[in-house]
Amino acid sequence: MKHFLSTSEWERDEINKLLDNAVRIKAGQNPGSLSKKTMGMVFFNSSLRTRTSFEAGMFQLGGHALNLAVGGGLWDLETADGVVMDGARAEHVKEAVPVLSRYVDVLGVRAFAEGADYAFDRTDPVLSAFASYSEVPVINMESGLWHPCQALADALTWREAGMRPRDNIALVWCRHPKPLPMAVPNSVMMMAAQMGLNISVIRPAPFALDPELCAMASEEAEKNGGSVTHTDDVNALAGARVVYAKSWGSIEAYGNAQQHSAFTDDFSSWQVTGDLMKKTDNAVFMHCLPVRRNVVASDEVLDSEYSMVVQQAENRLHVQKALLLKLLGVKQ
Amino acid sequence: MKHFLSTSEWERDEINKLLDNAVRIKAGQNPGSLSKKTMGMVFFNSSLRTRTSFEAGMFQLGGHALNLAVGGGLWDLETADGVVMDGARAEHVKEAVPVLSRYVDVLGVRAFAEGADYAFDRTDPVLSAFASYSEVPVINMESGLWHPCQALADALTWREAGMRPRDNIALVWCRHPKPLPMAVPNSVMMMAAQMGLNISVIRPAPFALDPELCAMASEEAEKNGGSVTHTDDVNALAGARVVYAKSWGSIEAYGNAQQHSAFTDDFSSWQVTGDLMKKTDNAVFMHCLPVRRNVVASDEVLDSEYSMVVQQAENRLHVQKALLLKLLGVKQ
Amino acid sequence: MKHFLSTSEWERDEINKLLDNAVRIKAGQNPGSLSKKTMGMVFFNSSLRTRTSFEAGMFQLGGHALNLAVGGGLWDLETADGVVMDGARAEHVKEAVPVLSRYVDVLGVRAFAEGADYAFDRTDPVLSAFASYSEVPVINMESGLWHPCQALADALTWREAGMRPRDNIALVWCRHPKPLPMAVPNSVMMMAAQMGLNISVIRPAPFALDPELCAMASEEAEKNGGSVTHTDDVNALAGARVVYAKSWGSIEAYGNAQQHSAFTDDFSSWQVTGDLMKKTDNAVFMHCLPVRRNVVASDEVLDSEYSMVVQQAENRLHVQKALLLKLLGVKQ
């Protein structure tokens, strides 16, 4: 049984084959059937695209996805080992996950980082528990560290934008009122490395990504003929054919709201605008959504011809269908 | 591509044809299939009948409806243009709506008026945004101004009650602890006008409906051989063959809770009772539900043989199936 | 039309036939189809297993289950007769239930006891209202008094554990931070009686079950060759082949939080541990879930080979499929 927790656990060839299938599915070819198959989507956090695309996708393949929102009609779940459960959490993942996996054929789980203690969050406790206790494949629908379904959609979008190995992409940090998850920048960096792109991560120094993940990505990039560079200089946009905007929180200020605000204030001009896009090689614009207009990126950019954000979000549907078929063993 | 935002945008003949199909569907004739089709139902407000009837209806036609509750697991959505999104709303309809319309085949949206500023609410900002940005047909599942799916069900119920052009219907305002939406009375008035009925809107003066909509309805009624009259005299019930009870808020006291309470207190006896029904021409009783018993109408009325409220609610299912088939281009 | 409100209303032979079908369904035999059939699941309280197993089960049979959470997107519902509805509850079950039953083919309802007044809660007001006003079969998905779907799953699990009439089972009260519903212990006691087992209800005196229900169960047990005994002596575990752990509230302290805490403190050692299990005849361990680890039962017990809790929860799926097919008239 194979889980899908991070693209880094999957081989480049496997990912490319999955993207090939996604292209065929998007083109309308019969992808095979998931008749009678069910997916349980367990959400510890909000979702629009993830939930809708999985639910629509499962149905279009003949299956059914159940929307299970923890705390909203579901018991709150405990994940820690050996705890005396006399608090608010009425059920442990050690029961909930095996039981769910008796009812459904594949489980998706979304559990963001808690945001207080980076060392703890870095273990992805909820996702790890699901992966340990599930008797069916688990799909990471965004954890603290990774958002691999987004990365698959991004990679398909890069193909559609004509990106090839050694082409340049810039991942640009943007300001935001609160410290956002790092799952998307981590996954974009890793997927770009797996696809052999040259990726520049452009961010102020306090917003540097996790050093170990950066090292993993560099190693992977090298293997595939690409590179990963980190800089706080927006002139690194020169030559970029894709600008991927995203805000994320600071590891340095993790769990420290005051310090985080101070850092964000220091870099309050970091927004993707039409002027900034002019520094690139005629780049397209990407963002995983939801995006705060005129905070992360300007109306001008989001309403432009070169914005691919809607197409990028649509691609979630196609790559996830390919993923579901793969995990549930339907021949492609 | 055609939306369904208000019955006033649809021709009388189109509506009658749709009702003909609803009659056949209710009788059990095979209505055609929506196999593999999905509907996204976006709820900014609560629902029982709307959500359940659409979800059951889509399934019975071979399709699937997704229940997307804004704020309950979905990001809160911004609708204003050009805003700097540094507040609570994490996503703009300019992204959310096109993206949703890539995943599904038809979008329903329920967004009540906010209740503070009538001029603003009158623009139906959320519904309008969905209609502008969606790439698939949009169904109004109740906006500030209109509840056209209810109006279709009402028109089918009028048929079943034997109502014909120039027959008399009374729309009666009733007291209620809070200012309720005007979408249903607006839609009932307009649909009665489109069907050529004579409709008396019986309400205290401070609860007069929107003058422009009243003018639209009068013009429509005239075209179809009927009439619209407005009065605060309950003796206008004489001759009525349908009593349609409904509470709604006062435009005069819009956003002013104190003045609204004062108005409501002045007319605290306005409730549909068995005695009131005796003033009519043996009328049937209708209400869109939910209805507050012994506030809006008495137990005696709601539990009577002449109450059609359950049948009226059932008709939501049949008319909406006909509507979905029409909007998704299935030949009837 | 037949409802499923309590196993006590069904004949032993009917239940056994239903369990026979559940065994065949679990073994993968084609159970017949619920194509085009819909179930409305109305939840006044949280759920994981019930909601997921019904939704997955309906889909696997070709049907569809709608998840309707009262208060979470649904209007809050009034159940009392003759009330002037000027409070928070916008809709009465007298309208909501008949309307829902026009949209769907079977209704499930979960409504726990309110916990203030035992005499009131004992009437199961919400469930009773659904049973009265529904035009389609009603399934009790747990009321104040009964959880009969759990009891069916338990009975199937007893079969799988090799239990036969006159075998010994112990239902053991355990401590818990709050007064939990009595529906499960009531249903386990009654089902054990219907299956002709010898059941020992082991609980401190203040946690004695409802005397009338105990009398009903004793009478039923006698008819079927078994017995029901009540004791506060854990040595009654000797000879037990099943230990069914469960916490529940005290009728004596009903609605009195302070007295309830005092009672619970007096019996704070009541937890199922490995040592306690050693008093039995090599018993298996059961619990309906969710279970608080190291409060109700220890990690050692829940992680043991003799714990059947996951299998027991899985059986919900199979028995409920058999139940749905029976209620909807599909020949088995």
# chains A, B, ... in the order shown; residues from 1 in each chain; ligands from 1
>>> interface_residues(of="chain A", to="chain B", cutoff="6 Å", atoms="only C-alpha atoms", output="ChimeraX atom specification")
/A:46-48,60,290-294,310,314
>>> write_last_selection(atoms="N, CA and C atoms", output="tab-separated table (two decimals), in the first residue's frame")
chain	number	residue	atom	x	y	z
A	46	SER	N	-9.99	24.65	6.98
A	46	SER	CA	-10.86	25.05	5.89
A	46	SER	C	-10.30	24.66	4.52
A	47	SER	N	-11.19	24.62	3.55
A	47	SER	CA	-10.78	24.28	2.19
A	47	SER	C	-11.85	24.72	1.20
A	48	LEU	N	-11.44	25.16	0.04
A	48	LEU	CA	-12.39	25.39	-1.05
A	48	LEU	C	-12.01	24.47	-2.21
A	60	GLN	N	-16.99	12.22	-10.66
A	60	GLN	CA	-16.83	12.08	-12.12
A	60	GLN	C	-16.20	10.75	-12.50
A	290	PRO	N	-6.12	30.47	-1.71
A	290	PRO	CA	-6.69	31.81	-1.87
A	290	PRO	C	-5.62	32.89	-1.80
A	291	VAL	N	-5.83	33.98	-2.52
A	291	VAL	CA	-4.85	35.07	-2.54
A	291	VAL	C	-5.54	36.36	-2.10
A	292	ARG	N	-4.88	37.12	-1.25
A	292	ARG	CA	-5.40	38.41	-0.83
A	292	ARG	C	-4.99	39.46	-1.85
A	293	ARG	N	-5.99	39.98	-2.54
A	293	ARG	CA	-5.73	40.99	-3.58
A	293	ARG	C	-5.20	42.28	-2.96
A	294	ASN	N	-4.24	42.87	-3.62
A	294	ASN	CA	-3.63	44.13	-3.21
A	294	ASN	C	-2.90	44.02	-1.88
A	310	VAL	N	-6.32	30.63	-12.25
A	310	VAL	CA	-7.54	29.83	-12.38
A	310	VAL	C	-7.24	28.48	-13.05
A	314	GLU	N	-7.71	24.79	-11.58
A	314	GLU	CA	-8.44	23.76	-12.32
A	314	GLU	C	-7.62	22.48	-12.40
>>> select_by_dssp(residues="stretch 232-296 of chain B", states="alpha helix (DSSP H)", output="list in words")
Ala257, Gln258, Gln259, His260, Ser261, Ala262, Phe263, Thr264, Asp265, Asp266, Gly274, Asp275, Leu276 and Met277 of chain B
>>> write_last_selection(atoms="C-alpha atoms", output="mmCIF file, in the first residue's frame")
data_model
loop_
_atom_site.group_PDB
_atom_site.id
_atom_site.type_symbol
_atom_site.label_atom_id
_atom_site.label_comp_id
_atom_site.auth_asym_id
_atom_site.auth_seq_id
_atom_site.Cartn_x
_atom_site.Cartn_y
_atom_site.Cartn_z
ATOM 1 C CA ALA B 257 -33.549 47.661 14.969
ATOM 2 C CA GLN B 258 -35.317 50.013 17.370
ATOM 3 C CA GLN B 259 -37.623 51.510 14.769
ATOM 4 C CA HIS B 260 -38.257 48.064 13.391
ATOM 5 C CA SER B 261 -39.359 46.790 16.792
ATOM 6 C CA ALA B 262 -41.629 49.784 17.185
ATOM 7 C CA PHE B 263 -43.270 49.090 13.806
ATOM 8 C CA THR B 264 -43.636 45.406 14.620
ATOM 9 C CA ASP B 265 -45.185 46.162 18.012
ATOM 10 C CA ASP B 266 -47.722 48.420 16.327
ATOM 11 C CA GLY B 274 -58.561 30.470 11.397
ATOM 12 C CA ASP B 275 -60.764 33.550 11.843
ATOM 13 C CA LEU B 276 -58.795 35.494 9.278
ATOM 14 C CA MET B 277 -59.064 32.621 6.794
#
>>> closest_residue(among="C:Pro179, C:Phe285, C:Asn168, C:Pro211", to="C:Ser227", atoms="only C-alpha atoms")
C:Asn168
>>> select_by_dssp(residues="stretch 58-255 of chain A", states="strand (DSSP E)", output="ChimeraX atom specification")
/A:64-69,77-78,91-92,106-110,138-140,168-173,198-202,227-231,242-246
>>> residues_around(residues="C:Met1", least_positions_apart="2", cutoff="12 Å", atoms="only C-alpha atoms", output="short mmCIF file (atom, residue, chain, number, x, y, z; two decimals) with N, CA and C atoms, in the first residue's frame")
data_model
loop_
_atom_site.label_atom_id
_atom_site.label_comp_id
_atom_site.auth_asym_id
_atom_site.auth_seq_id
_atom_site.Cartn_x
_atom_site.Cartn_y
_atom_site.Cartn_z
N HIS C 3 -40.57 1.70 11.32
CA HIS C 3 -39.43 2.46 11.78
C HIS C 3 -38.42 1.53 12.45
N PHE C 4 -37.23 2.05 12.73
CA PHE C 4 -36.26 1.32 13.54
C PHE C 4 -35.81 2.26 14.67
N ASP C 105 -36.04 8.93 0.94
CA ASP C 105 -36.76 7.66 1.07
C ASP C 105 -36.69 7.07 2.47
N VAL C 106 -35.73 7.54 3.24
CA VAL C 106 -35.60 7.08 4.62
C VAL C 106 -34.91 8.20 5.40
N ALA C 131 -40.69 10.18 14.32
CA ALA C 131 -41.48 8.97 14.06
C ALA C 131 -42.94 9.33 13.79
N SER C 132 -43.46 10.34 14.47
CA SER C 132 -44.85 10.74 14.28
C SER C 132 -45.08 11.42 12.94
N SER C 134 -42.98 11.75 10.16
CA SER C 134 -42.34 11.32 8.92
C SER C 134 -43.27 10.46 8.08
N GLU C 135 -43.20 10.64 6.79
CA GLU C 135 -43.96 9.80 5.86
C GLU C 135 -43.10 8.66 5.32
N VAL C 136 -41.85 8.59 5.76
CA VAL C 136 -40.94 7.50 5.35
C VAL C 136 -40.35 6.87 6.62
N PRO C 137 -39.75 5.67 6.48
CA PRO C 137 -39.19 5.02 7.67
C PRO C 137 -38.14 5.87 8.36
N VAL C 138 -38.12 5.81 9.68
CA VAL C 138 -37.16 6.56 10.50
C VAL C 138 -36.21 5.58 11.18
N ILE C 139 -34.92 5.89 11.10
CA ILE C 139 -33.90 5.11 11.79
C ILE C 139 -33.37 5.93 12.95
N LYS C 326 -33.74 -3.75 4.31
CA LYS C 326 -34.98 -4.24 4.93
C LYS C 326 -36.04 -3.13 4.96
N LEU C 327 -35.66 -1.96 5.46
CA LEU C 327 -36.64 -0.87 5.62
C LEU C 327 -37.16 -0.37 4.27
N LEU C 328 -36.30 -0.45 3.26
CA LEU C 328 -36.71 0.04 1.95
C LEU C 328 -37.28 -1.07 1.08
N GLY C 329 -37.50 -2.23 1.69
CA GLY C 329 -38.26 -3.27 1.01
C GLY C 329 -37.53 -4.02 -0.08
#
>>> residues_around(residues="C:Leu209", least_positions_apart="6", cutoff="10 Å", atoms="only C-alpha atoms", output="list of chain:residue names")
C:Met182, C:Pro185, C:Asn186, C:Met189, C:Val201, C:Arg203, C:His230, C:Trp248, C:Gly249, C:Ser250, C:Ile251, C:Glu252
>>> write_last_selection(atoms="N, CA and C atoms", output="compact mmCIF listing (two decimals), in the first residue's frame")
# COMPACT_ATOMS: atom_id res chain seq x y z
N MET C 182 -26.99 7.45 28.10
CA MET C 182 -27.27 6.08 28.53
C MET C 182 -27.76 5.20 27.39
N PRO C 185 -25.52 1.79 26.88
CA PRO C 185 -25.75 0.71 27.86
C PRO C 185 -27.18 0.16 27.81
N ASN C 186 -28.17 1.03 27.66
CA ASN C 186 -29.55 0.53 27.54
C ASN C 186 -29.67 -0.46 26.38
N MET C 189 -27.72 -3.79 26.94
CA MET C 189 -28.46 -4.64 27.88
C MET C 189 -29.64 -5.31 27.18
N VAL C 201 -24.51 -6.35 34.52
CA VAL C 201 -24.26 -4.92 34.45
C VAL C 201 -23.50 -4.54 35.71
N ARG C 203 -21.70 -1.83 37.82
CA ARG C 203 -21.62 -0.37 37.97
C ARG C 203 -21.79 0.00 39.43
N HIS C 230 -27.49 -7.13 38.03
CA HIS C 230 -26.90 -5.82 38.27
C HIS C 230 -26.08 -5.90 39.55
N TRP C 248 -21.38 6.08 31.55
CA TRP C 248 -22.67 6.76 31.38
C TRP C 248 -22.97 7.57 32.63
N GLY C 249 -23.93 8.47 32.50
CA GLY C 249 -24.25 9.37 33.60
C GLY C 249 -25.16 8.71 34.62
N SER C 250 -25.32 9.38 35.74
CA SER C 250 -26.14 8.89 36.84
C SER C 250 -27.55 9.47 36.75
N ILE C 251 -28.56 8.61 36.82
CA ILE C 251 -29.93 9.12 36.84
C ILE C 251 -30.17 9.87 38.15
N GLU C 252 -29.60 9.36 39.23
CA GLU C 252 -29.75 9.98 40.54
C GLU C 252 -29.24 11.43 40.54
>>> residues_around(residues="C:Asn140", least_positions_apart="2", cutoff="6 Å", atoms="only C-alpha atoms", output="VMD selection string")
chain C and resid 5 108 to 109 142
